[in-house]
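*Asks:* Contents of model-v5.cif (mmCIF, C-alpha atoms, pLDDT in the B column; chains and numbers go by the auth columns) are below:
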data_coords
loop_
_atom_site.group_PDB
_atom_site.id
_atom_site.type_symbol
_atom_site.label_atom_id
_atom_site.label_comp_id
_atom_site.label_asym_id
_atom_site.label_seq_id
_atom_site.Cartn_x
_atom_site.Cartn_y
_atom_site.Cartn_z
_atom_site.B_iso_or_equiv
_atom_site.auth_seq_id
_atom_site.auth_asym_id
ATOM 1 C CA MET A 1 97.636 -99.934 42.035 60.00 1 A
ATOM 2 C CA ALA A 2 97.318 -96.172 42.428 70.00 2 A
ATOM 3 C CA GLN A 3 96.701 -94.981 45.949 91.00 3 A
ATOM 4 C CA VAL A 4 95.894 -91.371 45.162 94.00 4 A
ATOM 5 C CA THR A 5 94.437 -90.205 41.853 95.00 5 A
ATOM 6 C CA LEU A 6 93.711 -86.652 40.784 96.00 6 A
ATOM 7 C CA SER A 7 92.081 -85.583 37.551 97.00 7 A
ATOM 8 C CA PHE A 8 91.731 -81.993 36.399 98.00 8 A
ATOM 9 C CA THR A 9 90.778 -79.881 33.379 98.00 9 A
ATOM 10 C CA ALA A 10 93.876 -78.999 31.373 97.00 10 A
ATOM 11 C CA LEU A 11 94.224 -75.402 32.600 97.00 11 A
ATOM 12 C CA PRO A 12 97.292 -73.718 34.184 97.00 12 A
ATOM 13 C CA GLU A 13 95.315 -72.658 37.252 97.00 13 A
ATOM 14 C CA HIS A 14 94.920 -76.262 38.414 97.00 14 A
ATOM 15 C CA VAL A 15 98.606 -77.170 38.346 98.00 15 A
ATOM 16 C CA ARG A 16 99.134 -75.689 41.806 97.00 16 A
ATOM 17 C CA THR A 17 96.354 -77.898 43.199 97.00 17 A
ATOM 18 C CA ALA A 18 98.084 -80.938 41.700 97.00 18 A
ATOM 19 C CA ARG A 19 101.360 -79.904 43.382 97.00 19 A
ATOM 20 C CA LEU A 20 99.698 -79.583 46.761 97.00 20 A
ATOM 21 C CA VAL A 21 97.972 -82.969 46.413 96.00 21 A
ATOM 22 C CA ALA A 22 101.263 -84.587 45.363 96.00 22 A
ATOM 23 C CA ALA A 23 103.121 -83.145 48.364 96.00 23 A
ATOM 24 C CA SER A 24 100.389 -84.186 50.764 95.00 24 A
ATOM 25 C CA ALA A 25 100.070 -87.661 49.234 93.00 25 A
ATOM 26 C CA ALA A 26 103.843 -88.182 49.289 93.00 26 A
ATOM 27 C CA ARG A 27 103.937 -87.420 53.028 92.00 27 A
ATOM 28 C CA ARG A 28 100.996 -89.755 53.702 89.00 28 A
ATOM 29 C CA LEU A 29 102.573 -92.475 51.581 88.00 29 A
ATOM 30 C CA GLY A 30 105.614 -92.452 53.826 87.00 30 A
ATOM 31 C CA VAL A 31 108.003 -89.751 52.598 91.00 31 A
ATOM 32 C CA ASP A 32 109.152 -87.978 55.752 89.00 32 A
ATOM 33 C CA ASP A 33 112.142 -86.129 54.263 93.00 33 A
ATOM 34 C CA GLU A 34 110.812 -82.607 53.577 93.00 34 A
ATOM 35 C CA GLU A 35 113.441 -81.950 50.942 93.00 35 A
ATOM 36 C CA LEU A 36 112.260 -84.998 49.022 95.00 36 A
ATOM 37 C CA VAL A 37 108.640 -83.847 49.386 96.00 37 A
ATOM 38 C CA ASP A 38 109.731 -80.525 47.901 95.00 38 A
ATOM 39 C CA THR A 39 111.481 -82.306 45.037 96.00 39 A
ATOM 40 C CA ILE A 40 108.360 -84.372 44.340 97.00 40 A
ATOM 41 C CA ARG A 41 106.194 -81.231 44.444 97.00 41 A
ATOM 42 C CA LEU A 42 108.458 -79.543 41.922 97.00 42 A
ATOM 43 C CA ALA A 43 108.674 -82.565 39.599 97.00 43 A
ATOM 44 C CA VAL A 44 104.925 -83.254 39.637 98.00 44 A
ATOM 45 C CA GLY A 45 104.268 -79.548 39.079 97.00 45 A
ATOM 46 C CA GLU A 46 106.608 -79.568 36.128 96.00 46 A
ATOM 47 C CA ALA A 47 105.042 -82.733 34.663 97.00 47 A
ATOM 48 C CA CYS A 48 101.530 -81.315 35.075 97.00 48 A
ATOM 49 C CA ALA A 49 102.492 -77.964 33.563 96.00 49 A
ATOM 50 C CA ARG A 50 103.898 -79.847 30.600 94.00 50 A
ATOM 51 C CA ALA A 51 100.720 -81.937 30.246 95.00 51 A
ATOM 52 C CA VAL A 52 98.607 -78.772 30.401 96.00 52 A
ATOM 53 C CA SER A 53 100.789 -76.955 27.851 93.00 53 A
ATOM 54 C CA ARG A 54 100.596 -79.940 25.485 92.00 54 A
ATOM 55 C CA SER A 55 96.811 -80.045 25.886 94.00 55 A
ATOM 56 C CA VAL A 56 96.389 -76.286 25.373 93.00 56 A
ATOM 57 C CA THR A 57 98.578 -76.408 22.253 91.00 57 A
ATOM 58 C CA ALA A 58 96.512 -79.309 20.896 91.00 58 A
ATOM 59 C CA ASP A 59 93.296 -77.501 21.890 93.00 59 A
ATOM 60 C CA HIS A 60 92.418 -80.481 24.064 93.00 60 A
ATOM 61 C CA PRO A 61 90.360 -79.838 27.223 95.00 61 A
ATOM 62 C CA GLY A 62 91.973 -82.692 29.166 89.00 62 A
ATOM 63 C CA PRO A 63 91.641 -84.118 31.683 97.00 63 A
ATOM 64 C CA VAL A 64 95.168 -84.398 32.980 98.00 64 A
ATOM 65 C CA GLU A 65 95.452 -87.312 35.399 98.00 65 A
ATOM 66 C CA VAL A 66 97.945 -87.773 38.208 97.00 66 A
ATOM 67 C CA GLU A 67 98.383 -91.075 40.025 96.00 67 A
ATOM 68 C CA LEU A 68 100.587 -91.545 43.083 95.00 68 A
ATOM 69 C CA ALA A 69 101.399 -94.943 44.508 94.00 69 A
ATOM 70 C CA VAL A 70 103.986 -96.446 46.794 91.00 70 A
ATOM 71 C CA GLU A 71 105.611 -99.856 46.519 89.00 71 A
ATOM 72 C CA PRO A 72 108.447 -101.236 48.651 88.00 72 A
ATOM 73 C CA GLY A 73 111.311 -98.746 48.409 88.00 73 A
ATOM 74 C CA ARG A 74 109.723 -96.696 45.616 92.00 74 A
ATOM 75 C CA LEU A 75 107.271 -93.844 45.142 94.00 75 A
ATOM 76 C CA LEU A 76 105.652 -93.808 41.698 96.00 76 A
ATOM 77 C CA VAL A 77 103.918 -90.900 40.021 97.00 77 A
ATOM 78 C CA LEU A 78 102.184 -91.000 36.643 97.00 78 A
ATOM 79 C CA VAL A 79 101.064 -87.849 34.834 98.00 79 A
ATOM 80 C CA ARG A 80 98.834 -88.562 31.885 97.00 80 A
ATOM 81 C CA ASP A 81 97.525 -86.299 29.147 96.00 81 A
ATOM 82 C CA HIS A 82 95.389 -87.057 26.118 95.00 82 A
ATOM 83 C CA ALA A 83 96.799 -84.368 23.863 92.00 83 A
ATOM 84 C CA GLY A 84 97.917 -86.861 21.247 86.00 84 A
ATOM 85 C CA GLU A 85 100.408 -85.786 18.644 79.00 85 A
ATOM 86 C CA ALA A 86 100.896 -82.296 20.049 71.00 86 A
ATOM 87 C CA PRO A 87 103.820 -80.378 18.511 75.00 87 A
ATOM 88 C CA PRO A 88 106.624 -79.764 21.040 75.00 88 A
ATOM 89 C CA VAL A 89 105.740 -76.896 23.338 77.00 89 A
ATOM 90 C CA ALA A 90 108.208 -74.031 23.879 79.00 90 A
ATOM 91 C CA GLY A 91 110.304 -74.704 26.962 83.00 91 A
ATOM 92 C CA ASP A 92 109.785 -78.461 26.814 87.00 92 A
ATOM 93 C CA SER A 93 113.501 -79.256 26.894 89.00 93 A
ATOM 94 C CA LEU A 94 114.049 -77.029 29.951 93.00 94 A
ATOM 95 C CA SER A 95 111.066 -78.653 31.650 94.00 95 A
ATOM 96 C CA MET A 96 112.311 -82.178 30.899 94.00 96 A
ATOM 97 C CA THR A 97 115.859 -81.275 32.003 95.00 97 A
ATOM 98 C CA LEU A 98 114.434 -80.186 35.334 96.00 98 A
ATOM 99 C CA VAL A 99 112.279 -83.321 35.707 96.00 99 A
ATOM 100 C CA GLN A 100 115.195 -85.605 34.882 96.00 100 A
ATOM 101 C CA GLY A 101 117.348 -83.842 37.449 96.00 101 A
ATOM 102 C CA LEU A 102 114.693 -84.259 40.124 97.00 102 A
ATOM 103 C CA ALA A 103 113.455 -87.846 39.760 97.00 103 A
ATOM 104 C CA THR A 104 115.343 -91.102 40.135 95.00 104 A
ATOM 105 C CA GLU A 105 113.562 -92.588 37.115 96.00 105 A
ATOM 106 C CA VAL A 106 111.802 -90.822 34.250 97.00 106 A
ATOM 107 C CA ALA A 107 110.070 -92.395 31.263 96.00 107 A
ATOM 108 C CA ILE A 108 107.491 -91.261 28.710 93.00 108 A
ATOM 109 C CA ASP A 109 105.036 -93.574 26.954 93.00 109 A
ATOM 110 C CA HIS A 110 103.016 -92.481 23.941 90.00 110 A
ATOM 111 C CA GLU A 111 100.012 -94.581 22.987 91.00 111 A
ATOM 112 C CA PRO A 112 98.364 -94.635 19.528 89.00 112 A
ATOM 113 C CA SER A 113 95.131 -93.559 21.247 89.00 113 A
ATOM 114 C CA GLY A 114 96.731 -90.154 21.870 90.00 114 A
ATOM 115 C CA THR A 115 97.442 -90.725 25.548 93.00 115 A
ATOM 116 C CA SER A 116 100.877 -89.752 26.784 93.00 116 A
ATOM 117 C CA THR A 117 102.098 -90.903 30.201 96.00 117 A
ATOM 118 C CA LEU A 118 105.082 -89.431 32.012 96.00 118 A
ATOM 119 C CA ARG A 119 106.308 -91.844 34.679 97.00 119 A
ATOM 120 C CA LEU A 120 108.384 -90.606 37.575 98.00 120 A
ATOM 121 C CA ALA A 121 109.819 -92.677 40.383 97.00 121 A
ATOM 122 C CA TRP A 122 111.821 -92.014 43.498 96.00 122 A
ATOM 123 C CA THR A 123 113.699 -94.392 45.693 92.00 123 A
ATOM 124 C CA VAL A 124 112.352 -93.918 49.184 85.00 124 A
ATOM 125 C CA PRO A 125 114.078 -95.303 52.263 75.00 125 A
ATOM 126 C CA SER A 126 112.701 -98.719 53.241 63.00 126 A
ATOM 127 C CA GLN A 127 111.696 -99.431 56.820 52.00 127 A
ATOM 128 C CA PRO A 128 114.739 -99.880 59.076 44.00 128 A
ATOM 129 C CA PRO A 129 115.259 -103.536 60.026 39.00 129 A
ATOM 130 C CA ALA A 130 113.607 -104.669 63.262 39.00 130 A
ATOM 131 C CA PRO A 131 116.042 -104.891 66.183 50.00 131 A
ATOM 132 C CA ALA A 132 117.507 -108.340 66.605 55.00 132 A
ATOM 133 C CA LEU A 133 116.218 -110.252 69.598 62.00 133 A
ATOM 134 C CA GLU A 134 118.859 -111.635 71.935 58.00 134 A
ATOM 135 C CA MET B 1 96.862 -63.556 45.193 62.00 1 B
ATOM 136 C CA ASP B 2 99.398 -66.235 44.164 87.00 2 B
ATOM 137 C CA LEU B 3 102.056 -63.792 42.941 97.00 3 B
ATOM 138 C CA SER B 4 103.072 -60.262 43.903 97.00 4 B
ATOM 139 C CA VAL B 5 105.458 -58.044 41.961 98.00 5 B
ATOM 140 C CA THR B 6 106.601 -54.629 43.181 98.00 6 B
ATOM 141 C CA SER B 7 109.524 -52.455 42.139 98.00 7 B
ATOM 142 C CA HIS B 8 111.548 -49.548 43.484 97.00 8 B
ATOM 143 C CA GLU B 9 114.708 -47.673 42.590 97.00 9 B
ATOM 144 C CA GLN B 10 117.822 -48.306 44.614 96.00 10 B
ATOM 145 C CA GLY B 11 121.360 -47.136 43.979 94.00 11 B
ATOM 146 C CA GLY B 12 120.576 -46.349 40.374 94.00 12 B
ATOM 147 C CA ARG B 13 119.086 -49.775 39.726 97.00 13 B
ATOM 148 C CA THR B 14 115.513 -51.092 39.587 98.00 14 B
ATOM 149 C CA VAL B 15 114.814 -53.706 42.223 98.00 15 B
ATOM 150 C CA VAL B 16 111.917 -55.999 41.376 98.00 16 B
ATOM 151 C CA GLU B 17 110.622 -57.797 44.443 98.00 17 B
ATOM 152 C CA VAL B 18 108.714 -60.970 43.621 98.00 18 B
ATOM 153 C CA GLY B 19 106.637 -62.853 46.174 98.00 19 B
ATOM 154 C CA GLY B 20 104.604 -66.042 46.147 98.00 20 B
ATOM 155 C CA GLU B 21 104.653 -68.719 43.487 97.00 21 B
ATOM 156 C CA ILE B 22 106.004 -68.335 39.954 98.00 22 B
ATOM 157 C CA ASP B 23 104.512 -71.147 37.911 97.00 23 B
ATOM 158 C CA VAL B 24 102.809 -71.841 34.565 96.00 24 B
ATOM 159 C CA TYR B 25 99.735 -69.929 35.769 96.00 25 B
ATOM 160 C CA THR B 26 101.339 -66.858 37.355 97.00 26 B
ATOM 161 C CA ALA B 27 104.500 -66.494 35.219 97.00 27 B
ATOM 162 C CA PRO B 28 102.714 -64.484 32.480 97.00 28 B
ATOM 163 C CA VAL B 29 102.060 -61.745 35.056 97.00 29 B
ATOM 164 C CA LEU B 30 105.768 -61.536 35.891 98.00 30 B
ATOM 165 C CA ARG B 31 106.620 -61.507 32.180 98.00 31 B
ATOM 166 C CA GLU B 32 104.272 -58.590 31.590 98.00 32 B
ATOM 167 C CA ARG B 33 105.636 -56.614 34.553 98.00 33 B
ATOM 168 C CA LEU B 34 109.246 -57.144 33.459 98.00 34 B
ATOM 169 C CA ASN B 35 108.362 -56.152 29.884 98.00 35 B
ATOM 170 C CA ASP B 36 106.636 -52.996 31.164 98.00 36 B
ATOM 171 C CA LEU B 37 109.667 -52.037 33.229 98.00 37 B
ATOM 172 C CA VAL B 38 112.045 -52.521 30.318 98.00 38 B
ATOM 173 C CA GLY B 39 109.650 -50.655 28.043 97.00 39 B
ATOM 174 C CA ASP B 40 109.671 -47.752 30.518 97.00 40 B
ATOM 175 C CA GLY B 41 113.441 -47.533 30.247 97.00 41 B
ATOM 176 C CA HIS B 42 114.525 -49.633 33.242 98.00 42 B
ATOM 177 C CA HIS B 43 117.355 -51.659 31.760 97.00 43 B
ATOM 178 C CA HIS B 44 119.310 -52.618 34.880 97.00 44 B
ATOM 179 C CA LEU B 45 117.131 -54.930 36.914 98.00 45 B
ATOM 180 C CA ILE B 46 117.687 -56.752 40.155 98.00 46 B
ATOM 181 C CA VAL B 47 115.081 -59.433 40.735 98.00 47 B
ATOM 182 C CA ASP B 48 114.735 -60.188 44.438 98.00 48 B
ATOM 183 C CA MET B 49 113.544 -63.797 44.791 98.00 49 B
ATOM 184 C CA GLU B 50 113.785 -64.002 48.582 98.00 50 B
ATOM 185 C CA LYS B 51 110.000 -64.113 49.057 98.00 51 B
ATOM 186 C CA VAL B 52 109.396 -66.581 46.214 98.00 52 B
ATOM 187 C CA ASP B 53 107.936 -69.848 47.506 96.00 53 B
ATOM 188 C CA PHE B 54 107.949 -71.764 44.259 96.00 54 B
ATOM 189 C CA LEU B 55 109.618 -71.521 40.842 97.00 55 B
ATOM 190 C CA ASP B 56 109.106 -73.823 37.850 96.00 56 B
ATOM 191 C CA SER B 57 110.536 -73.914 34.320 96.00 57 B
ATOM 192 C CA THR B 58 107.919 -71.447 33.062 96.00 58 B
ATOM 193 C CA GLY B 59 109.253 -68.991 35.624 97.00 59 B
ATOM 194 C CA LEU B 60 112.809 -69.720 34.524 97.00 60 B
ATOM 195 C CA GLY B 61 111.744 -69.028 30.951 96.00 61 B
ATOM 196 C CA VAL B 62 110.340 -65.638 31.960 98.00 62 B
ATOM 197 C CA LEU B 63 113.582 -64.707 33.730 98.00 63 B
ATOM 198 C CA VAL B 64 115.645 -65.812 30.727 97.00 64 B
ATOM 199 C CA GLY B 65 113.352 -63.775 28.498 97.00 65 B
ATOM 200 C CA GLY B 66 113.845 -60.770 30.764 98.00 66 B
ATOM 201 C CA LEU B 67 117.598 -61.203 30.640 98.00 67 B
ATOM 202 C CA LYS B 68 117.595 -61.289 26.844 97.00 68 B
ATOM 203 C CA ARG B 69 115.358 -58.248 26.680 98.00 69 B
ATOM 204 C CA VAL B 70 117.522 -56.054 28.931 98.00 70 B
ATOM 205 C CA ARG B 71 120.660 -57.224 27.162 97.00 71 B
ATOM 206 C CA SER B 72 119.231 -56.018 23.870 97.00 72 B
ATOM 207 C CA HIS B 73 119.280 -52.573 25.518 97.00 73 B
ATOM 208 C CA ASP B 74 122.823 -53.067 26.884 96.00 74 B
ATOM 209 C CA GLY B 75 121.281 -53.609 30.297 97.00 75 B
ATOM 210 C CA SER B 76 121.602 -56.278 32.958 97.00 76 B
ATOM 211 C CA LEU B 77 119.549 -58.571 35.126 98.00 77 B
ATOM 212 C CA ARG B 78 120.809 -59.957 38.419 98.00 78 B
ATOM 213 C CA LEU B 79 119.060 -62.135 40.956 98.00 79 B
ATOM 214 C CA VAL B 80 118.949 -62.113 44.740 98.00 80 B
ATOM 215 C CA CYS B 81 118.337 -65.585 46.115 98.00 81 B
ATOM 216 C CA THR B 82 119.560 -67.494 49.153 98.00 82 B
ATOM 217 C CA GLN B 83 116.772 -70.075 49.324 97.00 83 B
ATOM 218 C CA GLU B 84 118.111 -73.527 48.541 95.00 84 B
ATOM 219 C CA LYS B 85 114.781 -74.795 47.178 94.00 85 B
ATOM 220 C CA ILE B 86 114.834 -72.022 44.539 97.00 86 B
ATOM 221 C CA LEU B 87 118.584 -72.181 43.850 97.00 87 B
ATOM 222 C CA LYS B 88 118.124 -75.901 43.184 96.00 88 B
ATOM 223 C CA VAL B 89 115.943 -75.119 40.167 97.00 89 B
ATOM 224 C CA PHE B 90 118.649 -72.865 38.663 97.00 90 B
ATOM 225 C CA ARG B 91 121.336 -75.387 39.454 96.00 91 B
ATOM 226 C CA ILE B 92 119.659 -78.443 37.908 96.00 92 B
ATOM 227 C CA THR B 93 118.962 -76.583 34.679 96.00 93 B
ATOM 228 C CA GLY B 94 122.463 -75.092 34.520 95.00 94 B
ATOM 229 C CA LEU B 95 121.101 -71.554 34.729 96.00 95 B
ATOM 230 C CA THR B 96 123.368 -70.648 37.671 96.00 96 B
ATOM 231 C CA LYS B 97 125.923 -70.046 34.932 94.00 97 B
ATOM 232 C CA VAL B 98 123.620 -67.621 33.127 96.00 98 B
ATOM 233 C CA PHE B 99 122.363 -65.381 35.956 97.00 99 B
ATOM 234 C CA PRO B 100 124.542 -63.572 38.485 97.00 100 B
ATOM 235 C CA ILE B 101 122.983 -64.587 41.819 98.00 101 B
ATOM 236 C CA HIS B 102 123.589 -62.573 44.984 98.00 102 B
ATOM 237 C CA ASP B 103 122.837 -62.975 48.679 98.00 103 B
ATOM 238 C CA THR B 104 121.423 -59.492 49.198 98.00 104 B
ATOM 239 C CA VAL B 105 119.939 -56.634 47.208 98.00 105 B
ATOM 240 C CA GLU B 106 122.764 -54.366 48.415 97.00 106 B
ATOM 241 C CA GLU B 107 125.356 -56.777 47.087 97.00 107 B
ATOM 242 C CA ALA B 108 123.548 -57.045 43.758 97.00 108 B
ATOM 243 C CA VAL B 109 123.250 -53.245 43.397 96.00 109 B
ATOM 244 C CA SER B 110 126.902 -52.802 44.261 95.00 110 B
ATOM 245 C CA ALA B 111 128.022 -55.503 41.817 95.00 111 B
ATOM 246 C CA SER B 112 125.753 -54.091 39.134 92.00 112 B
ATOM 247 C CA THR B 113 126.998 -50.516 39.420 90.00 113 B
ATOM 248 C CA GLY B 114 130.547 -51.819 39.561 87.00 114 B
ATOM 249 C CA ALA B 115 130.322 -54.180 36.609 80.00 115 B
ATOM 250 C CA GLU B 116 127.800 -52.527 34.349 76.00 116 B
ATOM 251 C CA GLY B 117 128.866 -49.001 35.160 68.00 117 B
ATOM 252 C CA ASP B 118 127.178 -46.215 37.078 58.00 118 B
ATOM 253 C CA ALA B 119 124.860 -45.423 34.174 53.00 119 B
ATOM 254 C CA GLY B 120 121.831 -44.947 36.449 52.00 120 B
ATOM 255 C CA GLU B 121 118.247 -45.575 35.472 52.00 121 B
ATOM 256 C CA GLY B 122 116.320 -43.433 32.975 42.00 122 B
#
How would this structure read if it were set down as structure tokens?
*Replies:*
Amino acid sequence: MAQVTLSFTALPEHVRTARLVAASAARRLGVDDEELVDTIRLAVGEACARAVSRSVTADHPGPVEVELAVEPGRLLVLVRDHAGEAPPVAGDSLSMTLVQGLATEVAIDHEPSGTSTLRLAWTVPSQPPAPALE
Amino acid sequence: MDLSVTSHEQGGRTVVEVGGEIDVYTAPVLRERLNDLVGDGHHHLIVDMEKVDFLDSTGLGVLVGGLKRVRSHDGSLRLVCTQEKILKVFRITGLTKVFPIHDTVEEAVSASTGAEGDAGEG
């Protein structure tokens, strides 16, 4: 179940907002490694920019939706657009190369309804074990 | 302002100092400024990224475009960048092999005039 959800009109100017929300949410959801927060910011930014570019190319107003959730040992991010069968945008392969290099898991789902979901996941350190009692 | 771009001449090269965030929203501004510089005859560019807080693939695309444009005029484009969070973006995409990246503007100017010749700027 998503713990933070953001929805925005498919315009480039809102991608920065999505990055800032993702970084803030990641910290609140338990990521205390700043380098990992930075990685998540970059990956979510990239995924949102891609969703916006797809929407603009398809002349679709959006929204683009971002969901962040944490489960034991994993941070999950979904970036969803409704651009449908958009033709590949210029720079898509560079964008996806970057995303794949940043996230532990990457997957894309296309639905017949025209919704496309990019799933990203990171392994996050679990809680250290409680000290043993003597 | 999310992005600032200024330029000055140094050692016969044009140093372009970029500050702020280069992303899908601001990258078109950088593209336009680089195109203007090349159009005005500045074919040996040094892009100083030391004050850049964020760079995404759109920004990379603009830098690659700039590199291709100056090369079509027998020019050059070098980068100055010591920030790990920015270098990471070049590294993951393999673009560290495409751009000469230096630690300081002085080093970049010196390498540029050495390698590309002391042609000077128009």
*Asks:* Could you list, as a list of chain:residue names, every residue within 7 Å of range 66-68 of chain B, counting all atoms listed in the file and ignoring same-chain residues fewer than 6 positions away?
*Replies:*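 Contacts, with the query itself left out: B:Leu34, B:Ser76, B:Leu77.
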*Asks:* Suppose we keep C-alpha atoms; can you now write the selection as a PDB file, in the frame of the given file?
*Replies:*
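New file selection_39.pdb:
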ATOM      1  CA  LEU B  34     109.246 -57.144  33.459  1.00 98.00           C
ATOM      2  CA  SER B  76     121.602 -56.278  32.958  1.00 97.00           C
ATOM      3  CA  LEU B  77     119.549 -58.571  35.126  1.00 98.00           C
TER       4      LEU B  77
END
*Asks:* Quick one: apply the PyMOL selection byres ((chain A) within 7 of (chain B)) to the file and drop the selected residues here as an mmCIF file with C-alpha atoms, in the frame of the given file.
*Replies:*
data_model
loop_
_atom_site.group_PDB
_atom_site.id
_atom_site.type_symbol
_atom_site.label_atom_id
_atom_site.label_comp_id
_atom_site.auth_asym_id
_atom_site.auth_seq_id
_atom_site.Cartn_x
_atom_site.Cartn_y
_atom_site.Cartn_z
ATOM 1 C CA PRO A 12 97.292 -73.718 34.184
ATOM 2 C CA GLU A 13 95.315 -72.658 37.252
ATOM 3 C CA GLU A 46 106.608 -79.568 36.128
ATOM 4 C CA ALA A 49 102.492 -77.964 33.563
ATOM 5 C CA LEU A 94 114.049 -77.029 29.951
ATOM 6 C CA SER A 95 111.066 -78.653 31.650
ATOM 7 C CA THR A 97 115.859 -81.275 32.003
ATOM 8 C CA LEU A 98 114.434 -80.186 35.334
ATOM 9 C CA GLY A 101 117.348 -83.842 37.449
#
*Asks:* Measure the distance from CA of Leu118 in chain A to CA of Val79 in chain A in Å and round it to one decimal.
*Replies:*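 Taking CA of Leu118 in chain A as the start and CA of Val79 in chain A as the end point, the length is 5.2 Å.
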*Asks:* To box range 67-81 of chain B, take all atoms listed in the file, fit an axis-aligned box, add 3 Å on each side, and give centre and edge lengths in Å to one decimal, as lines of an AutoDock Vina configuration file.
*Replies:*
center_x = 119.1
center_y = -59.1
center_z = 35.0
size_x = 13.5
size_y = 19.0
size_z = 28.2
*Asks:* Take CA of Glu71 in chain A and CA of Leu20 in chain A and report the distance between them in Å, one decimal.
*Replies:*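 Those two atoms sit 21.1 Å apart.
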*Asks:* Starting from the shown file, work through the PyMOL selection byres ((chain B and resi 101) around 7) and note down what comes out as a list in words.
*Replies:*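 Taken over the shown coordinates, the PyMOL selection byres ((chain B and resi 101) around 7) returns Arg78, Leu79, Val80, Cys81, Phe99, Pro100 and His102 of chain B.
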*Asks:* Let me know the residues the PyMOL selection byres ((chain A and resi 39) around 12) catches in the file above, as a PyMOL selection string.
*Replies:* (chain A and resi 19+22-23+26+31+33-38+40-46+98-104+120-122) or (chain B and resi 54-56+84-86+88-89+92)
*Asks:* Take the residues that were just selected and, keeping C-alpha atoms, output them as a PDB file, in the coordinates of the input.
*Replies:*
ATOM      1  CA  ARG A  19     101.360 -79.904  43.382  1.00 97.00           C
ATOM      2  CA  ALA A  22     101.263 -84.587  45.363  1.00 96.00           C
ATOM      3  CA  ALA A  23     103.121 -83.145  48.364  1.00 96.00           C
ATOM      4  CA  ALA A  26     103.843 -88.182  49.289  1.00 93.00           C
ATOM      5  CA  VAL A  31     108.003 -89.751  52.598  1.00 91.00           C
ATOM      6  CA  ASP A  33     112.142 -86.129  54.263  1.00 93.00           C
ATOM      7  CA  GLU A  34     110.812 -82.607  53.577  1.00 93.00           C
ATOM      8  CA  GLU A  35     113.441 -81.950  50.942  1.00 93.00           C
ATOM      9  CA  LEU A  36     112.260 -84.998  49.022  1.00 95.00           C
ATOM     10  CA  VAL A  37     108.640 -83.847  49.386  1.00 96.00           C
ATOM     11  CA  ASP A  38     109.731 -80.525  47.901  1.00 95.00           C
ATOM     12  CA  ILE A  40     108.360 -84.372  44.340  1.00 97.00           C
ATOM     13  CA  ARG A  41     106.194 -81.231  44.444  1.00 97.00           C
ATOM     14  CA  LEU A  42     108.458 -79.543  41.922  1.00 97.00           C
ATOM     15  CA  ALA A  43     108.674 -82.565  39.599  1.00 97.00           C
ATOM     16  CA  VAL A  44     104.925 -83.254  39.637  1.00 98.00           C
ATOM     17  CA  GLY A  45     104.268 -79.548  39.079  1.00 97.00           C
ATOM     18  CA  GLU A  46     106.608 -79.568  36.128  1.00 96.00           C
ATOM     19  CA  LEU A  98     114.434 -80.186  35.334  1.00 96.00           C
ATOM     20  CA  VAL A  99     112.279 -83.321  35.707  1.00 96.00           C
ATOM     21  CA  GLN A 100     115.195 -85.605  34.882  1.00 96.00           C
ATOM     22  CA  GLY A 101     117.348 -83.842  37.449  1.00 96.00           C
ATOM     23  CA  LEU A 102     114.693 -84.259  40.124  1.00 97.00           C
ATOM     24  CA  ALA A 103     113.455 -87.846  39.760  1.00 97.00           C
ATOM     25  CA  THR A 104     115.343 -91.102  40.135  1.00 95.00           C
ATOM     26  CA  LEU A 120     108.384 -90.606  37.575  1.00 98.00           C
ATOM     27  CA  ALA A 121     109.819 -92.677  40.383  1.00 97.00           C
ATOM     28  CA  TRP A 122     111.821 -92.014  43.498  1.00 96.00           C
TER      29      TRP A 122
ATOM     30  CA  PHE B  54     107.949 -71.764  44.259  1.00 96.00           C
ATOM     31  CA  LEU B  55     109.618 -71.521  40.842  1.00 97.00           C
ATOM     32  CA  ASP B  56     109.106 -73.823  37.850  1.00 96.00           C
ATOM     33  CA  GLU B  84     118.111 -73.527  48.541  1.00 95.00           C
ATOM     34  CA  LYS B  85     114.781 -74.795  47.178  1.00 94.00           C
ATOM     35  CA  ILE B  86     114.834 -72.022  44.539  1.00 97.00           C
ATOM     36  CA  LYS B  88     118.124 -75.901  43.184  1.00 96.00           C
ATOM     37  CA  VAL B  89     115.943 -75.119  40.167  1.00 97.00           C
ATOM     38  CA  ILE B  92     119.659 -78.443  37.908  1.00 96.00           C
TER      39      ILE B  92
END
